[in-house]
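Asker: Below is the file upload-v2.txt, with compact mmCIF, C-alpha atoms.
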```txt
# COMPACT_ATOMS: atom_id res chain seq x y z
CA MET S 14 -155.75 161.23 167.73
CA THR S 15 -153.34 160.63 164.82
CA VAL S 16 -150.69 157.98 165.24
CA ILE S 17 -147.35 158.43 163.35
CA ASP S 18 -145.13 155.40 162.91
CA PHE S 19 -141.44 156.34 162.95
CA GLY S 20 -140.34 152.77 162.27
CA GLU S 21 -137.96 150.60 164.20
CA PRO S 22 -135.21 152.33 166.22
CA PRO S 23 -131.81 152.22 164.46
CA SER S 24 -129.78 149.10 165.16
CA ASN S 25 -126.25 149.16 166.58
CA ARG S 26 -124.94 148.04 163.19
CA SER S 27 -126.59 151.00 161.48
CA ARG S 28 -125.13 153.40 164.01
CA VAL S 29 -121.62 151.98 163.52
CA LEU S 30 -121.96 152.26 159.73
CA LYS S 31 -123.01 155.91 159.93
CA VAL S 32 -120.19 156.79 162.34
CA SER S 33 -117.68 154.97 160.11
CA CYS S 34 -118.86 156.88 157.03
CA LEU S 35 -118.60 160.15 158.94
CA ILE S 36 -115.07 159.38 160.12
CA THR S 37 -114.04 158.33 156.60
CA ALA S 38 -115.45 161.55 155.14
CA MET S 39 -113.61 163.61 157.75
CA CYS S 40 -110.34 161.76 157.01
CA VAL S 41 -110.73 162.39 153.27
CA MET S 42 -111.40 166.08 153.90
CA LEU S 43 -108.41 166.27 156.21
CA THR S 44 -106.05 164.75 153.63
CA LEU S 45 -107.14 167.39 151.11
CA VAL S 46 -106.03 170.25 153.35
CA LEU S 47 -102.78 168.75 154.65
CA PRO S 48 -99.51 169.61 152.83
CA THR S 49 -97.92 166.76 150.90
CA GLY S 50 -94.28 165.75 150.71
CA PHE S 51 -94.07 166.72 147.05
CA ALA S 52 -92.69 169.67 145.12
CA VAL S 53 -94.22 170.94 141.87
CA ARG S 54 -92.21 172.49 139.06
CA GLY S 55 -93.81 174.73 136.43
CA PRO S 56 -92.61 177.14 133.71
CA GLY S 57 -91.03 180.24 135.22
CA PRO S 58 -90.33 183.66 133.70
CA THR S 59 -87.66 184.27 131.07
CA GLU S 60 -85.24 187.21 130.93
CA ASP S 61 -83.39 188.62 127.92
CA THR S 62 -79.69 188.70 128.78
CA LEU S 63 -79.19 191.26 126.01
CA GLY S 64 -81.98 193.45 127.37
CA GLU S 65 -82.78 195.45 130.47
CA GLN S 66 -83.88 194.39 133.91
CA SER S 67 -85.92 196.30 136.48
CA VAL S 68 -83.88 196.46 139.69
CA VAL S 69 -83.99 198.49 142.88
CA VAL S 70 -81.29 201.19 142.95
CA ASP S 71 -81.17 203.47 146.01
CA GLY S 72 -84.66 202.37 146.95
CA GLU S 73 -86.17 203.05 143.51
CA LYS S 74 -86.98 200.77 140.58
CA GLN S 75 -84.81 201.45 137.55
CA LEU S 76 -84.22 199.81 134.19
CA VAL S 77 -80.58 198.78 133.78
CA PRO S 78 -78.80 196.50 131.28
CA LEU S 79 -78.90 192.93 132.52
CA VAL S 80 -75.31 192.49 131.27
CA GLU S 81 -73.13 195.60 131.26
CA ILE S 82 -69.46 195.73 130.26
CA ALA S 83 -67.07 198.57 131.14
CA ASN S 84 -63.44 199.17 130.14
CA ALA S 85 -63.87 197.37 126.83
CA ASP S 86 -65.30 198.08 123.38
CA THR S 87 -68.86 196.79 123.05
CA TYR S 88 -71.21 196.55 120.08
CA PRO S 89 -75.00 196.72 119.65
CA ALA S 90 -76.82 193.41 119.48
CA SER S 91 -80.24 192.67 118.02
CA GLY S 92 -82.47 189.79 118.91
CA GLU S 93 -82.93 188.20 122.32
CA LEU S 94 -81.04 185.61 124.36
CA LEU S 95 -83.54 184.34 126.90
CA LEU S 96 -82.38 182.75 130.12
CA THR S 97 -85.05 180.40 131.40
CA THR S 98 -86.31 179.59 134.88
CA VAL S 99 -88.53 177.17 136.76
CA SER S 100 -91.26 178.10 139.21
CA VAL S 101 -91.02 175.71 142.18
CA GLY S 102 -93.51 175.12 144.97
CA GLY S 103 -93.06 172.91 148.01
CA GLY S 104 -90.46 172.46 150.73
CA PRO S 105 -89.55 175.70 152.52
CA VAL S 106 -90.97 177.81 149.67
CA SER S 107 -94.69 176.99 149.89
CA ASP S 108 -97.10 174.19 150.78
CA ILE S 109 -98.24 171.75 148.09
CA TYR S 110 -101.64 170.16 148.69
CA PRO S 111 -103.16 166.99 147.17
CA LEU S 112 -105.28 168.95 144.68
CA ASP S 113 -102.11 170.78 143.52
CA VAL S 114 -100.45 167.41 142.95
CA LEU S 115 -103.41 166.05 140.99
CA GLU S 116 -103.54 169.16 138.82
CA ALA S 117 -99.79 168.97 138.11
CA TRP S 118 -100.00 165.26 137.24
CA ALA S 119 -102.65 166.08 134.66
CA SER S 120 -100.47 168.78 133.05
CA THR S 121 -97.74 168.31 130.43
CA ARG S 122 -96.08 171.54 131.57
CA ARG S 123 -95.70 170.72 135.24
CA THR S 124 -93.85 167.99 137.10
CA VAL S 125 -94.40 166.42 140.52
CA ILE S 126 -91.24 165.30 142.33
CA PRO S 127 -90.26 164.50 145.93
CA GLN S 128 -89.27 167.59 147.92
CA GLU S 129 -85.86 166.14 148.74
CA ALA S 130 -85.03 166.05 145.01
CA VAL S 131 -85.22 169.87 144.94
CA PHE S 132 -84.63 171.20 148.45
CA ARG S 133 -81.96 170.42 150.98
CA GLN S 134 -83.50 168.76 153.99
CA GLY S 135 -83.61 171.01 157.05
CA PHE S 136 -82.96 174.20 155.06
CA THR S 137 -85.14 177.21 155.77
CA ARG S 138 -86.50 179.37 152.97
CA GLU S 139 -83.83 181.98 153.77
CA GLN S 140 -81.04 179.39 153.64
CA GLN S 141 -82.36 178.06 150.35
CA GLN S 142 -82.37 181.58 148.89
CA GLU S 143 -78.85 182.28 150.14
CA GLU S 144 -77.51 179.10 148.55
CA SER S 145 -79.30 179.88 145.29
CA ALA S 146 -77.90 183.42 145.26
CA ALA S 147 -74.37 182.09 145.85
CA GLU S 148 -74.76 179.66 142.94
CA MET S 149 -75.95 182.52 140.73
CA ALA S 150 -72.94 184.67 141.66
CA SER S 151 -70.55 181.81 140.91
CA SER S 152 -72.24 181.11 137.56
CA GLN S 153 -71.78 184.74 136.53
CA GLU S 154 -68.04 184.68 137.24
CA LEU S 155 -67.62 181.38 135.39
CA ALA S 156 -69.59 182.79 132.47
CA VAL S 157 -67.19 185.72 132.16
CA ALA S 158 -64.18 183.39 132.32
CA ALA S 159 -65.64 181.04 129.67
CA ALA S 160 -66.63 183.91 127.35
CA LEU S 161 -63.19 185.54 127.48
CA LYS S 162 -61.51 182.18 126.95
CA GLU S 163 -63.72 181.59 123.90
CA LEU S 164 -62.65 184.99 122.55
CA ASN S 165 -58.96 184.37 123.40
CA VAL S 166 -58.91 187.36 125.76
CA PRO S 167 -56.24 186.76 128.45
CA PHE S 168 -57.10 187.00 132.13
CA THR S 169 -55.62 185.84 135.43
CA SER S 170 -56.95 182.75 137.20
CA THR S 171 -55.82 181.79 140.70
CA LEU S 172 -56.65 178.56 142.53
CA LYS S 173 -57.09 179.06 146.27
CA VAL S 174 -57.60 176.70 149.22
CA ALA S 175 -61.11 176.97 150.65
CA GLY S 176 -60.63 174.22 153.26
CA THR S 177 -59.89 170.52 153.61
CA THR S 178 -62.08 167.44 153.69
CA LYS S 179 -62.50 165.20 156.73
CA ASP S 180 -59.38 163.06 157.33
CA SER S 181 -57.58 164.90 154.53
CA PRO S 182 -53.86 164.12 154.15
CA ALA S 183 -53.33 167.84 153.57
CA VAL S 184 -54.50 168.89 157.05
CA ASP S 185 -51.78 171.00 158.72
CA LEU S 186 -50.00 171.29 155.36
CA VAL S 187 -52.25 173.89 153.73
CA GLU S 188 -54.40 176.69 155.12
CA THR S 189 -57.52 178.45 153.86
CA GLY S 190 -56.41 181.25 151.54
CA ASP S 191 -53.25 179.51 150.32
CA VAL S 192 -52.71 179.86 146.56
CA LEU S 193 -52.00 176.57 144.77
CA THR S 194 -49.36 177.16 142.11
CA THR S 195 -47.87 173.82 140.99
CA LEU S 196 -48.39 170.06 141.18
CA ASN S 197 -45.21 168.04 140.70
CA GLY S 198 -43.66 171.11 139.09
CA LYS S 199 -46.51 171.73 136.62
CA ASP S 200 -48.37 175.03 136.82
CA ILE S 201 -51.99 174.91 137.95
CA THR S 202 -54.37 177.84 137.58
CA ASP S 203 -57.85 176.33 137.71
CA HIS S 204 -59.80 173.37 139.08
CA THR S 205 -60.19 171.60 135.73
CA GLN S 206 -56.46 171.66 135.14
CA LEU S 207 -55.81 170.31 138.66
CA LEU S 208 -58.22 167.39 138.11
CA GLU S 209 -56.56 166.52 134.81
CA LEU S 210 -53.16 166.29 136.51
CA LEU S 211 -54.56 164.22 139.39
CA SER S 212 -56.18 161.80 136.92
CA ALA S 213 -52.71 160.81 135.70
CA ILE S 214 -51.46 160.07 139.24
CA THR S 215 -51.88 156.70 140.98
CA PRO S 216 -53.93 157.08 144.18
CA GLY S 217 -51.69 156.72 147.22
CA ALA S 218 -48.67 158.30 145.54
CA SER S 219 -47.02 161.34 147.11
CA VAL S 220 -47.04 164.62 145.21
CA ASP S 221 -45.23 167.91 145.57
CA LEU S 222 -47.71 170.76 145.90
CA GLY S 223 -46.49 174.30 145.34
CA ILE S 224 -48.27 176.94 147.43
CA THR S 225 -48.01 180.65 148.12
CA ARG S 226 -48.93 181.90 151.59
CA ASP S 227 -48.76 185.56 152.56
CA GLY S 228 -46.66 186.20 149.47
CA LYS S 229 -44.10 183.48 150.27
CA ALA S 230 -43.71 180.44 148.02
CA SER S 231 -43.09 176.95 149.39
CA THR S 232 -43.61 173.28 148.54
CA VAL S 233 -45.38 170.64 150.65
CA THR S 234 -45.54 166.90 150.08
CA VAL S 235 -49.02 165.37 150.20
CA THR S 236 -49.84 161.65 150.13
CA THR S 237 -52.86 161.34 147.86
CA THR S 238 -56.02 159.35 148.49
CA GLU S 239 -58.43 157.85 145.96
CA ALA S 240 -61.45 159.55 144.37
CA GLN S 241 -63.42 159.07 141.17
CA ASN S 242 -63.75 161.04 137.96
CA GLU S 243 -67.25 161.77 136.63
CA ASP S 244 -66.99 158.69 134.40
CA GLY S 245 -66.26 156.46 137.41
CA THR S 246 -62.55 155.97 136.74
CA PRO S 247 -60.23 156.31 139.76
CA ARG S 248 -57.95 159.27 140.28
CA ALA S 249 -55.71 160.66 142.98
CA ALA S 250 -57.16 163.21 145.42
CA LEU S 251 -55.60 165.79 147.72
CA GLY S 252 -58.50 166.22 150.12
CA ILE S 253 -58.43 169.97 149.51
CA LEU S 254 -61.44 172.16 148.79
CA VAL S 255 -60.53 174.79 146.21
CA THR S 256 -62.05 177.89 144.68
CA ASN S 257 -61.04 179.90 141.62
CA SER S 258 -60.36 183.62 141.85
CA TYR S 259 -60.29 185.62 138.62
CA GLU S 260 -58.92 189.00 137.54
CA PHE S 261 -60.48 190.13 134.28
CA PRO S 262 -59.23 192.96 132.01
CA MET S 263 -62.74 194.45 131.93
CA ASP S 264 -65.61 194.98 134.34
CA VAL S 265 -68.64 192.79 133.63
CA THR S 266 -71.71 193.55 135.73
CA ILE S 267 -74.72 191.23 135.69
CA GLN S 268 -77.77 192.69 137.43
CA ILE S 269 -80.70 190.37 137.96
CA GLU S 270 -83.16 190.04 140.82
CA ASP S 271 -85.33 187.21 142.18
CA ILE S 272 -83.55 184.55 140.11
CA GLY S 273 -80.97 182.19 141.54
CA GLY S 274 -79.08 179.00 140.80
CA PRO S 275 -76.33 178.16 138.30
CA SER S 276 -78.34 177.25 135.19
CA ALA S 277 -78.15 180.65 133.43
CA GLY S 278 -74.37 180.45 133.01
CA MET S 279 -74.39 179.56 129.31
CA MET S 280 -76.83 182.33 128.39
CA PHE S 281 -74.75 184.89 130.33
CA ALA S 282 -71.61 183.77 128.48
CA LEU S 283 -73.34 184.06 125.08
CA ALA S 284 -74.57 187.56 125.91
CA ILE S 285 -71.04 188.65 126.89
CA ILE S 286 -69.63 187.30 123.63
CA ASP S 287 -72.40 188.98 121.59
CA LEU S 288 -71.70 192.34 123.23
CA LEU S 289 -67.91 192.09 122.79
CA THR S 290 -67.95 191.11 119.11
CA PRO S 291 -68.81 193.33 116.11
CA ALA S 292 -70.83 190.55 114.48
CA ASP S 293 -74.58 190.57 115.12
CA GLU S 294 -74.85 186.85 115.83
CA LEU S 295 -78.63 186.67 116.29
CA ALA S 296 -79.65 189.10 113.55
CA GLY S 297 -82.93 189.84 115.31
CA HIS S 298 -83.91 186.26 116.22
CA THR S 299 -84.96 185.08 119.67
CA VAL S 300 -83.11 182.10 121.15
CA ALA S 301 -83.76 180.67 124.61
CA GLY S 302 -81.64 178.17 126.48
CA THR S 303 -80.25 176.83 129.70
CA GLY S 304 -77.12 175.16 131.03
CA THR S 305 -74.42 175.61 133.62
CA MET S 306 -71.09 176.98 132.47
CA ASP S 307 -67.60 175.88 133.50
CA ALA S 308 -64.62 178.15 132.99
CA ASP S 309 -63.32 175.81 130.28
CA GLY S 310 -66.54 176.23 128.26
CA THR S 311 -68.29 172.99 129.22
CA VAL S 312 -72.09 173.22 129.27
CA GLY S 313 -73.54 171.23 132.19
CA PRO S 314 -77.00 169.72 132.78
CA ILE S 315 -79.75 171.41 134.76
CA GLY S 316 -83.11 170.60 136.34
CA GLY S 317 -86.59 171.40 135.06
CA ILE S 318 -85.74 171.49 131.36
CA VAL S 319 -89.28 170.53 130.30
CA GLN S 320 -90.71 173.52 132.17
CA LYS S 321 -88.02 175.77 130.70
CA MET S 322 -88.90 174.71 127.17
CA TYR S 323 -92.57 175.50 127.76
CA GLY S 324 -91.67 178.89 129.30
CA SER S 325 -89.53 179.65 126.25
CA SER S 326 -92.30 178.77 123.82
CA ARG S 327 -94.78 180.85 125.83
CA ASP S 328 -92.48 183.90 125.62
CA GLY S 329 -91.94 183.78 121.87
CA ALA S 330 -88.76 181.73 121.40
CA ARG S 331 -88.63 179.38 118.42
CA TRP S 332 -85.13 178.05 119.15
CA PHE S 333 -83.90 176.46 122.38
CA LEU S 334 -80.35 175.47 123.38
CA ALA S 335 -80.38 172.31 125.53
CA PRO S 336 -77.40 170.75 127.35
CA ALA S 337 -76.44 167.44 125.75
CA ASP S 338 -76.71 165.68 129.11
CA ASN S 339 -80.40 166.67 129.37
CA CYS S 340 -81.38 165.09 126.06
CA ASP S 341 -83.15 162.11 127.67
CA GLU S 342 -85.62 164.53 129.28
CA VAL S 343 -86.03 166.58 126.11
CA VAL S 344 -87.10 163.77 123.80
CA GLY S 345 -90.88 163.54 123.61
CA ASN S 346 -91.50 166.68 125.65
CA ILE S 347 -90.85 169.52 123.19
CA PRO S 348 -93.65 172.08 122.84
CA SER S 349 -95.10 172.46 119.37
CA GLY S 350 -93.20 175.01 117.27
CA LEU S 351 -90.00 174.96 119.36
CA ARG S 352 -86.82 173.68 117.74
CA VAL S 353 -84.21 172.29 120.14
CA ILE S 354 -80.44 172.36 119.48
CA ARG S 355 -78.16 170.08 121.50
CA VAL S 356 -74.99 171.75 122.82
CA ALA S 357 -72.15 170.44 124.98
CA THR S 358 -69.77 173.41 124.87
CA LEU S 359 -69.89 177.18 124.66
CA SER S 360 -68.28 176.95 121.21
CA GLU S 361 -71.20 174.81 120.01
CA ALA S 362 -73.72 177.22 121.56
CA LEU S 363 -72.06 180.19 119.86
CA ALA S 364 -72.06 178.36 116.52
CA ALA S 365 -75.74 177.59 117.05
CA ILE S 366 -76.91 181.17 117.63
CA THR S 367 -74.75 182.32 114.71
CA ALA S 368 -76.43 179.73 112.48
CA VAL S 369 -79.86 180.87 113.70
CA GLY S 370 -78.96 184.45 112.76
CA GLU S 371 -77.86 183.25 109.32
CA ASP S 372 -81.05 181.18 108.87
CA SER S 373 -78.93 178.02 108.50
CA ALA S 374 -79.67 176.23 111.77
CA THR S 375 -81.97 173.49 110.49
CA ASP S 376 -79.12 170.96 110.21
CA LEU S 377 -77.67 171.55 113.69
CA PRO S 378 -77.65 168.55 116.06
CA THR S 379 -80.79 167.85 118.07
CA CYS S 380 -81.42 165.46 120.97
CA ALA S 381 -82.97 163.01 118.51
CA SER S 382 -83.69 163.22 114.81
CA ASN S 383 -87.45 163.05 115.38
CA THR S 384 -87.74 165.54 118.23
CA ASN S 385 -88.22 168.72 116.25
CA PRO S 386 -91.64 169.45 114.71
```
Turn this file's structure into structure tokens for me.

Answerer:
Amino acid sequence: MTVIDFGEPPSNRSRVLKVSCLITAMCVMLTLVLPTGFAVRGPGPTEDTLGEQSVVVDGEKQLVPLVEIANADTYPASGELLLTTVSVGGGPVSDIYPLDVLEAWASTRRTVIPQEAVFRQGFTREQQQEESAAEMASSQELAVAAALKELNVPFTSTLKVAGTTKDSPAVDLVETGDVLTTLNGKDITDHTQLLELLSAITPGASVDLGITRDGKASTVTVTTTEAQNEDGTPRAALGILVTNSYEFPMDVTIQIEDIGGPSAGMMFALAIIDLLTPADELAGHTVAGTGTMDADGTVGPIGGIVQKMYGSSRDGARWFLAPADNCDEVVGNIPSGLRVIRVATLSEALAAITAVGEDSATDLPTCASNTNP
């Protein structure tokens, strides 16, 4: 008979150690398959605002001009004006897992940020898309207004009441749909002009607000409250939510699908100007860029500029228009071969693409003297 020695039976300590290791391994595996609270931004697609876009018309895909202008003389344009986008994962859009986060952290082209920095808390994917689409529609209208103002083409702007804030002094004095016409006897036609007038008024002072309701003009007296300008200085406030309504002398149609948000405003405005002017500003060059657009021509900051620069470089752009307020993010993050031009207004952006077309853009302002390769 053969005797086999299996050794001493496992001790309680050994059993506990093995169970602990098993539980730890299971916990590690579990954390790798659970969604994180992060969002990841990467380079998205670009679209040529002077080119064509594939859209669904009557149930069929068709190529149509991305920017089309009717009831006005237009001119051919060469080159490309690329609007830029960011591909975002996380929140209501998709789940981001730990391995996705690790991969993004190791990449220069992608950024990891908290979900709440990108998505509104409690918003569904559908609500997020609706808000993004509304911002896109607003940016298109503002782009038309800014472009026509840059070209000195007259149009009608009307400031309307969209509602009142909580505890507003204007409650019961104005109604949604009222047209605001004057402030202390001075004409007002847009939001920027209204803020400029309020900045010169001491908070708490009473003002005479001219309104038109159902075609009838009247004046109401509103006791102002205090708010702050963007630079932190105090100004008077009416507690009224307003929206601009425009009537343009031409029909501008912007057709674009699956892209939302306000950051394409500047590139839309540049495309409109290029199409309405005989000069061929780009002369065959490709320029990408990003920035919101106010009706007065102010270029505003956007999110994801690093990803947008990499997307531009990937798609053949050698020049990139960056909002001045995004310069801190630009410095040190420019892809090799891409030259960045800092712009704060539509006038500066127009001068920049004209200089690119004339091959004289090397001396234009950048975010820092050492940022361009």

Asker: With all atoms listed in the file as the counted atoms, please give the residues lying no more than 10 Å from S:Ala218, apart from itself and same-chain residues fewer than 4 positions off, as number ranges by chain.

Answerer: S: 214, 235-239, 249-250

Asker: So what do you get for atom CA of S:Thr215 versus atom CA of S:Pro182, distance-wise?

Answerer: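 These atoms are spaced 15.2 Å apart.
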
Asker: Quick one: residues within 9 Å of stretch 341-351 of chain S, only C-alpha atoms, excluding same-chain residues fewer than 2 positions away - as a list of chain:residue names?

Answerer: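 So, after excluding close chain neighbours, the residues are S:Thr121, S:Arg122, S:Ile318, S:Val319, S:Met322, S:Tyr323, S:Ser325, S:Ser326, S:Ala330, S:Arg331, S:Trp332, S:Phe333, S:Ala335, S:Ala337, S:Asp338, S:Asn339, S:Val353, S:Cys380, S:Ala381, S:Asn383, S:Thr384, S:Asn385, S:Pro386.
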
Asker: Could you write out that same residue set with C-alpha atoms as an mmCIF file, keeping the file's coordinate frame?

Answerer:
```cif
data_model
loop_
_atom_site.group_PDB
_atom_site.id
_atom_site.type_symbol
_atom_site.label_atom_id
_atom_site.label_comp_id
_atom_site.auth_asym_id
_atom_site.auth_seq_id
_atom_site.Cartn_x
_atom_site.Cartn_y
_atom_site.Cartn_z
ATOM 1 C CA THR S 121 -97.740 168.310 130.430
ATOM 2 C CA ARG S 122 -96.080 171.540 131.570
ATOM 3 C CA ILE S 318 -85.740 171.490 131.360
ATOM 4 C CA VAL S 319 -89.280 170.530 130.300
ATOM 5 C CA MET S 322 -88.900 174.710 127.170
ATOM 6 C CA TYR S 323 -92.570 175.500 127.760
ATOM 7 C CA SER S 325 -89.530 179.650 126.250
ATOM 8 C CA SER S 326 -92.300 178.770 123.820
ATOM 9 C CA ALA S 330 -88.760 181.730 121.400
ATOM 10 C CA ARG S 331 -88.630 179.380 118.420
ATOM 11 C CA TRP S 332 -85.130 178.050 119.150
ATOM 12 C CA PHE S 333 -83.900 176.460 122.380
ATOM 13 C CA ALA S 335 -80.380 172.310 125.530
ATOM 14 C CA ALA S 337 -76.440 167.440 125.750
ATOM 15 C CA ASP S 338 -76.710 165.680 129.110
ATOM 16 C CA ASN S 339 -80.400 166.670 129.370
ATOM 17 C CA VAL S 353 -84.210 172.290 120.140
ATOM 18 C CA CYS S 380 -81.420 165.460 120.970
ATOM 19 C CA ALA S 381 -82.970 163.010 118.510
ATOM 20 C CA ASN S 383 -87.450 163.050 115.380
ATOM 21 C CA THR S 384 -87.740 165.540 118.230
ATOM 22 C CA ASN S 385 -88.220 168.720 116.250
ATOM 23 C CA PRO S 386 -91.640 169.450 114.710
#
```

Asker: Could you tell me how far atom CA of S:Lys173 lies from atom CA of S:Thr195, in Å and to one decimal?

Answerer: 11.8 Å

Asker: When you look at S:Val192 with a cut-off of 9 Å (counting all atoms listed in the file), what residues show up, excluding the ones that are within fewer than 3 positions of it in the same chain? I need them as a list in words.

Answerer: Thr171, Leu172, Lys173, Val174, Thr189, Gly223, Ile224, Thr225 and Arg226 of chain S

Asker: Can I get the selection written as a short mmCIF file (atom, residue, chain, number, x, y, z; two decimals), in the frame of the given file, with C-alpha atoms?

Answerer:
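What follows is the written file out11.cif:
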```cif
data_model
loop_
_atom_site.label_atom_id
_atom_site.label_comp_id
_atom_site.auth_asym_id
_atom_site.auth_seq_id
_atom_site.Cartn_x
_atom_site.Cartn_y
_atom_site.Cartn_z
CA THR S 171 -55.82 181.79 140.70
CA LEU S 172 -56.65 178.56 142.53
CA LYS S 173 -57.09 179.06 146.27
CA VAL S 174 -57.60 176.70 149.22
CA THR S 189 -57.52 178.45 153.86
CA GLY S 223 -46.49 174.30 145.34
CA ILE S 224 -48.27 176.94 147.43
CA THR S 225 -48.01 180.65 148.12
CA ARG S 226 -48.93 181.90 151.59
#
```

Asker: Neighbours of S:Val166 within 12 Å (all atoms listed in the file; same-chain residues fewer than 4 positions away dropped), as an mmCIF file with C-alpha atoms, in the coordinates of the input?

Answerer:
```cif
data_model
loop_
_atom_site.group_PDB
_atom_site.id
_atom_site.type_symbol
_atom_site.label_atom_id
_atom_site.label_comp_id
_atom_site.auth_asym_id
_atom_site.auth_seq_id
_atom_site.Cartn_x
_atom_site.Cartn_y
_atom_site.Cartn_z
ATOM 1 C CA ALA S 85 -63.870 197.370 126.830
ATOM 2 C CA VAL S 157 -67.190 185.720 132.160
ATOM 3 C CA ALA S 158 -64.180 183.390 132.320
ATOM 4 C CA ALA S 159 -65.640 181.040 129.670
ATOM 5 C CA ALA S 160 -66.630 183.910 127.350
ATOM 6 C CA LEU S 161 -63.190 185.540 127.480
ATOM 7 C CA LYS S 162 -61.510 182.180 126.950
ATOM 8 C CA GLU S 260 -58.920 189.000 137.540
ATOM 9 C CA PHE S 261 -60.480 190.130 134.280
ATOM 10 C CA PRO S 262 -59.230 192.960 132.010
ATOM 11 C CA MET S 263 -62.740 194.450 131.930
ATOM 12 C CA ILE S 286 -69.630 187.300 123.630
ATOM 13 C CA LEU S 289 -67.910 192.090 122.790
ATOM 14 C CA THR S 290 -67.950 191.110 119.110
#
```

Asker: Please report the interatomic distance between atom CA of S:Ile201 and atom CA of S:Ser170 in Å with one decimal.

Answerer: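 Distance between the two atoms: 9.3 Å.
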
Asker: Between S:Ile82, S:Ala364, S:Ala213, S:Val187, which is the closest to S:Ile285 once you count all atoms listed in the file?

Answerer: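 Closest to S:Ile285 of all the choices is S:Ile82.
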
Asker: Could you give me, as a ChimeraX atom specification, the residues within 7 Å of S:Pro56, counting only C-alpha atoms and dropping anything in the same chain fewer than 6 positions from it?

Answerer: /S:98-100,122,320-321,323-324

Asker: Just write the chosen residues, C-alpha atoms, as a CSV table (one decimal), in the coordinates of the input.

Answerer:
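again.csv, written as the output of this step:
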```
chain,number,residue,atom,x,y,z
S,98,THR,CA,-86.3,179.6,134.9
S,99,VAL,CA,-88.5,177.2,136.8
S,100,SER,CA,-91.3,178.1,139.2
S,122,ARG,CA,-96.1,171.5,131.6
S,320,GLN,CA,-90.7,173.5,132.2
S,321,LYS,CA,-88.0,175.8,130.7
S,323,TYR,CA,-92.6,175.5,127.8
S,324,GLY,CA,-91.7,178.9,129.3
```

Asker: Which is closest to S:Asp309 among S:Ser360, S:Asn242, S:Thr232, S:Thr177, if we use only C-alpha atoms?

Answerer: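 Of S:Ser360, S:Asn242, S:Thr232, S:Thr177, the one nearest S:Asp309 is S:Ser360, counting only C-alpha atoms.
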
Asker: Let me make sure I understand: among S:Thr62, S:Ala146, S:Glu73, S:Lys229, which one has the smallest atom-to-atom distance to S:Asp271 if we use only C-alpha atoms?

Answerer: S:Ala146

Asker: As AutoDock Vina command-line options, what would the box around stretch 266-279 of chain S look like: edges along x, y and z, 6 Å added on every side, centre and edge lengths in Å to one decimal?

Answerer:
```
--center_x -78.5 --center_y 185.4 --center_z 135.7 --size_x 25.6 --size_y 28.3 --size_z 24.9
```

Asker: So, counting only C-alpha atoms, which residue among S:Asp86, S:Glu81, S:Asp71, S:Glu361 is closest to S:Ile269?

Answerer: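 Going through S:Asp86, S:Glu81, S:Asp71, S:Glu361 one by one, the smallest distance to S:Ile269 is for S:Glu81.
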
Asker: In terms of the shortest atom-to-atom distance over all atoms listed in the file, which of S:Asp185, S:Leu254, S:Glu209, S:Gly278 is closest to S:Val233?

Answerer: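 When distances to S:Val233 are compared using all atoms listed in the file, the smallest one comes from S:Asp185.
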
Asker: Between S:Thr124, S:Gln206, S:Ser258, S:Asn165, which residue has the minimum interatomic distance to S:Val53, considering only C-alpha atoms?

Answerer: S:Thr124
